[in-house]
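Coordinates from target-v8.txt are shown below (compact mmCIF, C-alpha atoms).
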```
# COMPACT_ATOMS: atom_id res chain seq x y z
CA MET W 1 -6.27 -42.70 0.24
CA THR W 2 -2.76 -41.44 0.01
CA ILE W 3 -1.14 -38.79 2.18
CA ASP W 4 -1.22 -36.42 -0.83
CA LEU W 5 -4.99 -36.57 -1.07
CA ILE W 6 -5.55 -36.17 2.68
CA LEU W 7 -3.28 -33.12 2.73
CA PHE W 8 -5.07 -31.70 -0.30
CA LEU W 9 -8.51 -32.17 1.26
CA ILE W 10 -7.56 -30.58 4.59
CA LEU W 11 -5.84 -27.63 2.91
CA SER W 12 -8.70 -27.05 0.48
CA LEU W 13 -11.19 -27.05 3.36
CA VAL W 14 -9.07 -24.42 5.13
CA ALA W 15 -8.78 -22.36 1.93
CA ILE W 16 -12.53 -22.41 1.23
CA ALA W 17 -13.41 -21.67 4.85
CA ALA W 18 -10.99 -18.73 4.87
CA ALA W 19 -12.45 -17.39 1.62
CA LEU W 20 -16.01 -17.62 2.98
CA GLY W 21 -14.89 -15.97 6.22
CA MET W 22 -13.35 -13.16 4.17
CA VAL W 23 -16.55 -12.51 2.26
CA PHE W 24 -18.98 -12.79 5.19
CA SER W 25 -17.22 -11.32 8.24
CA ARG W 26 -18.52 -7.97 9.48
CA ASN W 27 -15.16 -6.58 10.58
CA THR W 28 -12.87 -5.53 7.71
CA VAL W 29 -9.71 -6.38 9.66
CA TYR W 30 -10.96 -9.95 10.15
CA SER W 31 -11.63 -10.11 6.41
CA ALA W 32 -8.05 -9.08 5.66
CA LEU W 33 -6.65 -11.65 8.10
CA PHE W 34 -8.86 -14.41 6.62
CA LEU W 35 -7.51 -13.48 3.20
CA VAL W 36 -3.94 -13.78 4.53
CA LEU W 37 -4.81 -17.29 5.76
CA ASN W 38 -6.18 -18.13 2.33
CA PHE W 39 -3.04 -16.84 0.60
CA VAL W 40 -0.80 -18.90 2.89
CA THR W 41 -2.81 -22.06 2.20
CA VAL W 42 -2.57 -21.43 -1.54
CA ALA W 43 1.20 -20.97 -1.08
CA VAL W 44 1.32 -24.45 0.46
CA PHE W 45 -0.59 -25.73 -2.60
CA TYR W 46 2.12 -24.19 -4.80
CA LEU W 47 4.75 -26.07 -2.80
CA LEU W 48 2.80 -29.32 -3.31
CA LEU W 49 2.65 -28.57 -7.03
CA GLY W 50 6.42 -28.16 -7.21
CA ALA W 51 6.58 -24.38 -7.58
CA PRO W 52 8.65 -23.22 -4.59
CA PHE W 53 9.60 -19.85 -6.11
CA ILE W 54 5.96 -18.92 -6.75
CA ALA W 55 5.06 -20.07 -3.23
CA MET W 56 7.64 -17.79 -1.66
CA THR W 57 6.63 -14.89 -3.94
CA GLN W 58 3.03 -15.48 -2.91
CA ILE W 59 3.91 -15.22 0.78
CA THR W 60 6.22 -12.20 0.51
CA VAL W 61 4.27 -10.16 -2.06
CA TYR W 62 0.64 -11.13 -1.41
CA ALA W 63 0.52 -12.06 2.28
CA GLY W 64 3.34 -9.67 3.13
CA ALA W 65 3.20 -6.52 1.05
CA ILE W 66 -0.32 -6.32 -0.42
CA MET W 67 -2.20 -7.34 2.71
CA VAL W 68 -0.11 -5.03 4.91
CA LEU W 69 -1.07 -2.22 2.51
CA PHE W 70 -4.73 -3.24 2.92
CA LEU W 71 -4.44 -3.26 6.72
CA PHE W 72 -2.76 0.16 6.65
CA VAL W 73 -5.60 1.64 4.60
CA ILE W 74 -8.29 -0.03 6.76
CA MET W 75 -6.77 1.41 9.92
CA LEU W 76 -6.04 4.78 8.29
CA LEU W 77 -9.68 5.20 7.26
CA GLY W 78 -11.04 3.71 10.50
CA ALA W 79 -13.14 1.36 8.38
CA GLU W 80 -12.87 -1.61 10.75
CA SER W 81 -16.59 -2.02 11.27
CA LEU W 82 -18.69 0.15 9.00
CA VAL W 83 -22.37 0.00 9.83
CA PRO W 84 -24.03 -1.79 6.91
CA LEU W 85 -26.31 0.77 5.31
CA PRO W 86 -29.62 -0.32 3.80
CA SER W 87 -28.84 -1.35 0.28
CA ALA W 88 -30.15 0.77 -2.57
CA LEU W 89 -31.24 -2.38 -4.40
CA PRO W 90 -33.06 -4.78 -2.08
CA TRP W 91 -33.15 -7.62 -4.62
CA GLN W 92 -29.40 -7.47 -5.17
CA LYS W 93 -28.34 -10.10 -2.61
CA PRO W 94 -30.70 -12.90 -3.71
CA LEU W 95 -29.82 -12.18 -7.32
CA ALA W 96 -26.11 -12.28 -6.47
CA PHE W 97 -26.47 -15.68 -4.76
CA PHE W 98 -28.44 -16.97 -7.74
CA LEU W 99 -25.77 -15.78 -10.19
CA ALA W 100 -22.99 -17.29 -8.03
CA VAL W 101 -24.76 -20.66 -8.03
CA ILE W 102 -25.07 -20.49 -11.82
CA LEU W 103 -21.35 -19.65 -12.13
CA ALA W 104 -20.41 -22.56 -9.84
CA VAL W 105 -22.63 -25.02 -11.70
CA GLU W 106 -21.46 -24.06 -15.15
CA SER W 107 -17.76 -24.05 -14.23
CA THR W 108 -18.11 -27.48 -12.59
CA TYR W 109 -19.95 -28.74 -15.66
CA LEU W 110 -17.19 -27.44 -17.94
CA ILE W 111 -14.49 -29.08 -15.82
CA PHE W 112 -16.25 -32.45 -15.80
CA SER W 113 -17.17 -32.36 -19.48
CA SER W 114 -13.54 -31.74 -20.48
CA ALA W 115 -11.98 -34.12 -17.98
CA GLN W 116 -8.23 -33.65 -17.68
CA THR W 117 -6.27 -36.85 -17.35
CA GLY W 118 -3.13 -35.43 -15.73
CA VAL W 119 -2.10 -36.56 -12.29
CA ILE W 120 -0.08 -34.39 -9.96
CA THR W 121 2.84 -36.40 -8.69
CA ALA W 122 4.61 -35.37 -5.52
CA PRO W 123 7.55 -33.11 -6.41
CA ASP W 124 10.83 -34.95 -6.10
CA ILE W 125 13.88 -33.49 -4.42
CA ALA W 126 15.30 -32.17 -7.69
CA VAL W 127 12.26 -29.96 -8.24
CA ASN W 128 12.81 -28.16 -4.96
CA SER W 129 16.51 -27.59 -5.46
CA MET W 130 18.30 -24.62 -6.98
CA GLU W 131 18.14 -26.23 -10.40
CA ASN W 132 14.41 -25.48 -10.62
CA LEU W 133 14.97 -21.79 -9.84
CA ARG W 134 17.77 -21.62 -12.39
CA GLU W 135 15.57 -23.15 -15.11
CA MET W 136 12.78 -20.74 -14.31
CA ALA W 137 15.11 -17.74 -14.40
CA MET W 138 16.40 -18.87 -17.80
CA THR W 139 12.82 -19.05 -19.11
CA LEU W 140 11.92 -15.69 -17.59
CA PHE W 141 14.90 -13.79 -18.96
CA ASN W 142 15.09 -15.49 -22.35
CA ASP W 143 11.53 -16.15 -23.54
CA PHE W 144 9.69 -13.57 -21.45
CA LEU W 145 12.15 -10.67 -21.39
CA LEU W 146 9.85 -8.13 -23.05
CA PRO W 147 6.86 -8.82 -20.74
CA PHE W 148 9.26 -8.58 -17.80
CA GLU W 149 10.38 -5.10 -18.87
CA VAL W 150 6.80 -4.01 -19.56
CA THR W 151 5.89 -5.15 -16.03
CA SER W 152 8.63 -2.97 -14.60
CA ILE W 153 7.19 0.03 -16.46
CA LEU W 154 3.70 -0.88 -15.20
CA LEU W 155 4.96 -0.91 -11.61
CA LEU W 156 6.63 2.47 -12.14
CA VAL W 157 3.41 3.94 -13.54
CA ALA W 158 1.41 2.51 -10.63
CA MET W 159 3.85 4.02 -8.13
CA VAL W 160 3.72 7.45 -9.77
CA GLY W 161 -0.07 7.20 -10.02
CA ALA W 162 -0.49 6.36 -6.34
CA ILE W 163 1.74 9.27 -5.31
CA VAL W 164 -0.06 11.73 -7.61
CA LEU W 165 -3.51 10.60 -6.43
CA THR W 166 -2.83 10.89 -2.71
CA ASN W 167 -0.80 14.11 -3.03
CA ARG W 168 -3.24 16.14 -5.12
CA GLU W 169 -4.07 18.90 -2.64
CA LYS W 170 -0.49 19.76 -1.81
CA ALA W 171 0.35 20.05 -5.51
CA GLY W 172 -2.63 22.39 -6.01
CA GLN W 173 -1.60 24.66 -3.16
CA LYS W 174 1.79 25.47 -4.62
CA MET U 1 -3.05 -39.59 -5.96
CA VAL U 2 -4.24 -36.04 -6.58
CA LYS U 3 -5.68 -35.43 -10.02
CA VAL U 4 -5.36 -32.04 -11.68
CA ASP U 5 -9.17 -31.88 -11.79
CA TYR U 6 -9.28 -31.43 -8.02
CA TYR U 7 -7.07 -28.38 -8.21
CA ILE U 8 -9.15 -26.91 -11.02
CA ILE U 9 -12.37 -27.51 -9.06
CA LEU U 10 -10.85 -25.85 -5.99
CA SER U 11 -9.82 -22.95 -8.20
CA ALA U 12 -13.37 -22.65 -9.58
CA VAL U 13 -14.85 -22.71 -6.06
CA LEU U 14 -12.49 -19.97 -4.86
CA PHE U 15 -13.26 -17.91 -7.98
CA THR U 16 -17.01 -18.24 -7.35
CA ILE U 17 -16.62 -17.14 -3.73
CA GLY U 18 -14.65 -14.12 -4.94
CA ALA U 19 -17.32 -13.22 -7.50
CA LEU U 20 -20.00 -13.59 -4.82
CA GLY U 21 -18.02 -11.24 -2.57
CA VAL U 22 -17.85 -8.61 -5.32
CA LEU U 23 -21.62 -8.86 -5.84
CA ILE U 24 -22.91 -8.81 -2.26
CA ARG U 25 -20.58 -6.52 -0.30
CA ARG U 26 -20.95 -2.74 -0.19
CA ASN U 27 -17.48 -2.01 1.21
CA PRO U 28 -14.96 -1.27 -1.57
CA LEU U 29 -12.09 -2.67 0.52
CA ILE U 30 -13.84 -6.07 0.71
CA ILE U 31 -14.60 -5.86 -3.01
CA PHE U 32 -10.88 -5.32 -3.66
CA MET U 33 -10.02 -8.31 -1.48
CA SER U 34 -12.52 -10.43 -3.41
CA ILE U 35 -10.83 -9.41 -6.67
CA GLU U 36 -7.51 -10.52 -5.17
CA LEU U 37 -9.15 -13.84 -4.27
CA MET U 38 -10.30 -14.32 -7.87
CA LEU U 39 -6.81 -13.54 -9.21
CA ASN U 40 -5.44 -16.05 -6.73
CA ALA U 41 -7.87 -18.73 -7.93
CA GLY U 42 -6.70 -18.14 -11.50
CA ASN U 43 -3.08 -18.43 -10.36
CA LEU U 44 -3.81 -21.77 -8.72
CA ALA U 45 -5.16 -23.15 -12.00
CA PHE U 46 -2.10 -21.82 -13.86
CA VAL U 47 0.33 -23.52 -11.48
CA ALA U 48 -1.66 -26.78 -11.51
CA PHE U 49 -1.48 -27.00 -15.30
CA SER U 50 2.17 -25.92 -15.27
CA SER U 51 2.87 -28.83 -12.94
CA VAL U 52 0.99 -31.32 -15.13
CA TYR U 53 2.58 -30.30 -18.41
CA LYS U 54 6.06 -29.82 -16.86
CA SER U 55 6.40 -26.35 -18.33
CA PHE U 56 7.53 -23.15 -16.63
CA SER U 57 5.31 -20.83 -18.68
CA GLY U 58 2.40 -21.15 -16.25
CA GLN U 59 4.58 -20.19 -13.30
CA ILE U 60 5.97 -17.20 -15.21
CA PHE U 61 2.39 -16.09 -15.92
CA VAL U 62 1.62 -16.30 -12.21
CA PHE U 63 4.67 -14.15 -11.52
CA PHE U 64 3.32 -11.48 -13.89
CA VAL U 65 -0.19 -11.72 -12.43
CA ILE U 66 1.22 -11.10 -8.95
CA ALA U 67 3.10 -8.02 -10.21
CA VAL U 68 -0.03 -6.66 -11.92
CA ALA U 69 -2.09 -7.32 -8.77
CA ALA U 70 0.43 -5.33 -6.72
CA ALA U 71 0.18 -2.39 -9.14
CA GLU U 72 -3.63 -2.58 -9.15
CA VAL U 73 -3.82 -2.59 -5.36
CA ALA U 74 -1.49 0.41 -5.04
CA VAL U 75 -3.58 2.55 -7.41
CA GLY U 76 -6.94 1.24 -6.14
CA LEU U 77 -6.19 1.88 -2.48
CA ALA U 78 -4.91 5.37 -3.34
CA LEU U 79 -8.25 6.01 -5.08
CA ILE U 80 -10.21 4.72 -2.07
CA VAL U 81 -8.23 6.95 0.31
CA GLU U 82 -8.86 9.94 -1.96
CA ILE U 83 -12.62 9.18 -2.18
CA PHE U 84 -12.78 8.83 1.60
CA LYS U 85 -11.10 12.22 2.00
CA THR U 86 -13.69 13.97 -0.17
CA LYS U 87 -16.88 12.04 0.73
CA LYS U 88 -16.03 11.02 4.34
CA ASN U 89 -17.62 7.66 3.52
CA ILE U 90 -16.66 4.63 1.48
CA ASN U 91 -20.04 3.15 0.69
CA ILE U 92 -19.89 1.86 -2.88
CA ASP U 93 -23.46 3.00 -3.61
CA GLU U 94 -22.45 6.64 -3.19
CA MET U 95 -19.61 6.48 -5.69
CA ASN U 96 -21.73 7.58 -8.61
CA SER U 97 -20.03 10.75 -9.77
CA LEU U 98 -16.65 11.32 -11.38
CA LYS U 99 -16.36 14.82 -9.91
CA GLY U 100 -14.37 15.02 -6.66
```
Show me the file's structure as structure tokens.
Amino acid sequence: MTIDLILFLILSLVAIAAALGMVFSRNTVYSALFLVLNFVTVAVFYLLLGAPFIAMTQITVYAGAIMVLFLFVIMLLGAESLVPLPSALPWQKPLAFFLAVILAVESTYLIFSSAQTGVITAPDIAVNSMENLREMAMTLFNDFLLPFEVTSILLLVAMVGAIVLTNREKAGQK
Amino acid sequence: MVKVDYYIILSAVLFTIGALGVLIRRNPLIIFMSIELMLNAGNLAFVAFSSVYKSFSGQIFVFFVIAVAAAEVAVGLALIVEIFKTKKNINIDEMNSLKG
């Protein structure tokens, strides 16, 4: 058992436990914080896989910006601990667990039936240096320039949409 | 020696937990977080394959997925705030009309 595998096992246990805690905790704030823990563990996985730029983006954008937005909305609405109302469909939860088990079984079956042979080697020093970032920027701005620009338009539309949605009453009063 | 299979299995497990969260929770905020978890599981698979095949395309895809997730969260949370303002409640079972 190499140090790689031990690290992977510990981190994956933390990631799965955080995901389960997110789904099953009663308090919404705890859910958000469990999800932050999960995002940070996945960022460490990205570092192990030799993708330092994606790891840092994960921490700043996901764990930083998106989850802070979530926490703002949770506290703004006072939705920390909503009383669970009786569900309209009583058979929904057992059915959901059944479907989740089916999804897990069939995805595991697919993975094992099409066994990948690749082995993740520990990233060497060169991967974590500036050269990696430079290579990635060259790929992004040469081969993926159009998707990059489309993404910027998408972000603009999302920003305008969020402002219009939350500002509707004031616009109507004018 | 970590095989790429392990990462893909972890990704599948996280995706299943996210799907389960979408199905069993009644709070739209938790449902949103579960969707983020599923996107994250997909990203993990992308980066694992990108690392195996020594290609940057997978990482670039993850970059775009993160940007799209940010846009989705901004609009979705604005919608939830607006629904809360009109209905004074964010139970997903009561969101059954398009009229505000």
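Across the structure, CA of Leu7 in chain W and CA of Gly50 in chain W are spaced 14.7 Å apart.
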Which residues of chain W come within 7 Å of chain U, and what is each one's closest atom pair and distance in Å (one decimal), counting all atoms listed in the file, sorted by chain and residue number, as JSON lines?
```
{"residue": "W:Thr2", "atom": "CA", "partner": "U:Met1", "partner_atom": "CA", "distance": 6.3}
{"residue": "W:Asp4", "atom": "CA", "partner": "U:Met1", "partner_atom": "CA", "distance": 6.3}
{"residue": "W:Leu5", "atom": "CA", "partner": "U:Val2", "partner_atom": "CA", "distance": 5.6}
{"residue": "W:Ser12", "atom": "CA", "partner": "U:Leu10", "partner_atom": "CA", "distance": 6.9}
{"residue": "W:Ile16", "atom": "CA", "partner": "U:Leu14", "partner_atom": "CA", "distance": 6.6}
{"residue": "W:Ala19", "atom": "CA", "partner": "U:Ile17", "partner_atom": "CA", "distance": 6.8}
{"residue": "W:Leu20", "atom": "CA", "partner": "U:Ile17", "partner_atom": "CA", "distance": 6.8}
{"residue": "W:Val23", "atom": "CA", "partner": "U:Gly21", "partner_atom": "CA", "distance": 5.2}
{"residue": "W:Tyr46", "atom": "CA", "partner": "U:Val47", "partner_atom": "CA", "distance": 6.9}
{"residue": "W:Leu49", "atom": "CA", "partner": "U:Ser51", "partner_atom": "CA", "distance": 5.9}
{"residue": "W:Gly50", "atom": "CA", "partner": "U:Ser51", "partner_atom": "CA", "distance": 6.8}
{"residue": "W:Ile54", "atom": "CA", "partner": "U:Gln59", "partner_atom": "CA", "distance": 6.8}
{"residue": "W:Ile66", "atom": "CA", "partner": "U:Ala70", "partner_atom": "CA", "distance": 6.4}
{"residue": "W:Lys93", "atom": "CA", "partner": "U:Ile24", "partner_atom": "CA", "distance": 5.6}
{"residue": "W:Ala96", "atom": "CA", "partner": "U:Leu23", "partner_atom": "CA", "distance": 5.7}
{"residue": "W:Phe97", "atom": "CA", "partner": "U:Leu20", "partner_atom": "CA", "distance": 6.8}
{"residue": "W:Ala100", "atom": "CA", "partner": "U:Leu20", "partner_atom": "CA", "distance": 5.7}
{"residue": "W:Leu103", "atom": "CA", "partner": "U:Thr16", "partner_atom": "CA", "distance": 6.6}
{"residue": "W:Ala104", "atom": "CA", "partner": "U:Thr16", "partner_atom": "CA", "distance": 6.0}
{"residue": "W:Ser107", "atom": "CA", "partner": "U:Ala12", "partner_atom": "CA", "distance": 6.5}
{"residue": "W:Thr108", "atom": "CA", "partner": "U:Ile9", "partner_atom": "CA", "distance": 6.7}
{"residue": "W:Gln116", "atom": "CA", "partner": "U:Asp5", "partner_atom": "CA", "distance": 6.2}
{"residue": "W:Gly118", "atom": "CA", "partner": "U:Val4", "partner_atom": "CA", "distance": 5.7}
{"residue": "W:Val119", "atom": "CA", "partner": "U:Lys3", "partner_atom": "CA", "distance": 4.4}
{"residue": "W:Ile120", "atom": "CA", "partner": "U:Val2", "partner_atom": "CA", "distance": 5.6}
{"residue": "W:Met136", "atom": "CA", "partner": "U:Phe56", "partner_atom": "CA", "distance": 6.2}
{"residue": "W:Leu140", "atom": "CA", "partner": "U:Ile60", "partner_atom": "CA", "distance": 6.6}
{"residue": "W:Leu155", "atom": "CA", "partner": "U:Ala71", "partner_atom": "CA", "distance": 5.6}
{"residue": "W:Ala158", "atom": "CA", "partner": "U:Ala71", "partner_atom": "CA", "distance": 5.3}
{"residue": "W:Gly161", "atom": "CA", "partner": "U:Val75", "partner_atom": "CA", "distance": 6.4}
{"residue": "W:Ala162", "atom": "CA", "partner": "U:Val75", "partner_atom": "CA", "distance": 5.0}
{"residue": "W:Leu165", "atom": "CA", "partner": "U:Ala78", "partner_atom": "CA", "distance": 6.2}
{"residue": "W:Thr166", "atom": "CA", "partner": "U:Ala78", "partner_atom": "CA", "distance": 5.9}
```
What is the distance between CA of Phe98 in chain W and CA of Asn96 in chain U, in Å to one decimal? 25.5 Å
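Relative to CA of Ile74 in chain W, CA of Phe39 in chain W is found at 18.7 Å.
For the set W:Val101, W:Val29, W:Leu77, W:Ala65, the residue with the smallest atom-to-atom gap to Lys87 in chain U is W:Leu77, counting only C-alpha atoms.
Among the candidates W:Asn27, W:Gln92, W:Asp143, W:Val14, the residue lying nearest to Phe45 in chain W is W:Val14 (atoms considered: only C-alpha atoms).
With distances restricted to all atoms listed in the file, U:Leu39 is the closest residue to Gln58 in chain W from U:Pro28, U:Ile92, U:Leu39, U:Leu98.
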Taking (-6.0, -24.5, 4.4) in the coordinates of the supplied file, I want to know which residues reach to within 9 Å of it, counting all atoms listed in the file; could you give the answer as a PyMOL selection string? chain W and resi 8-18+37-38+40-42+44-45
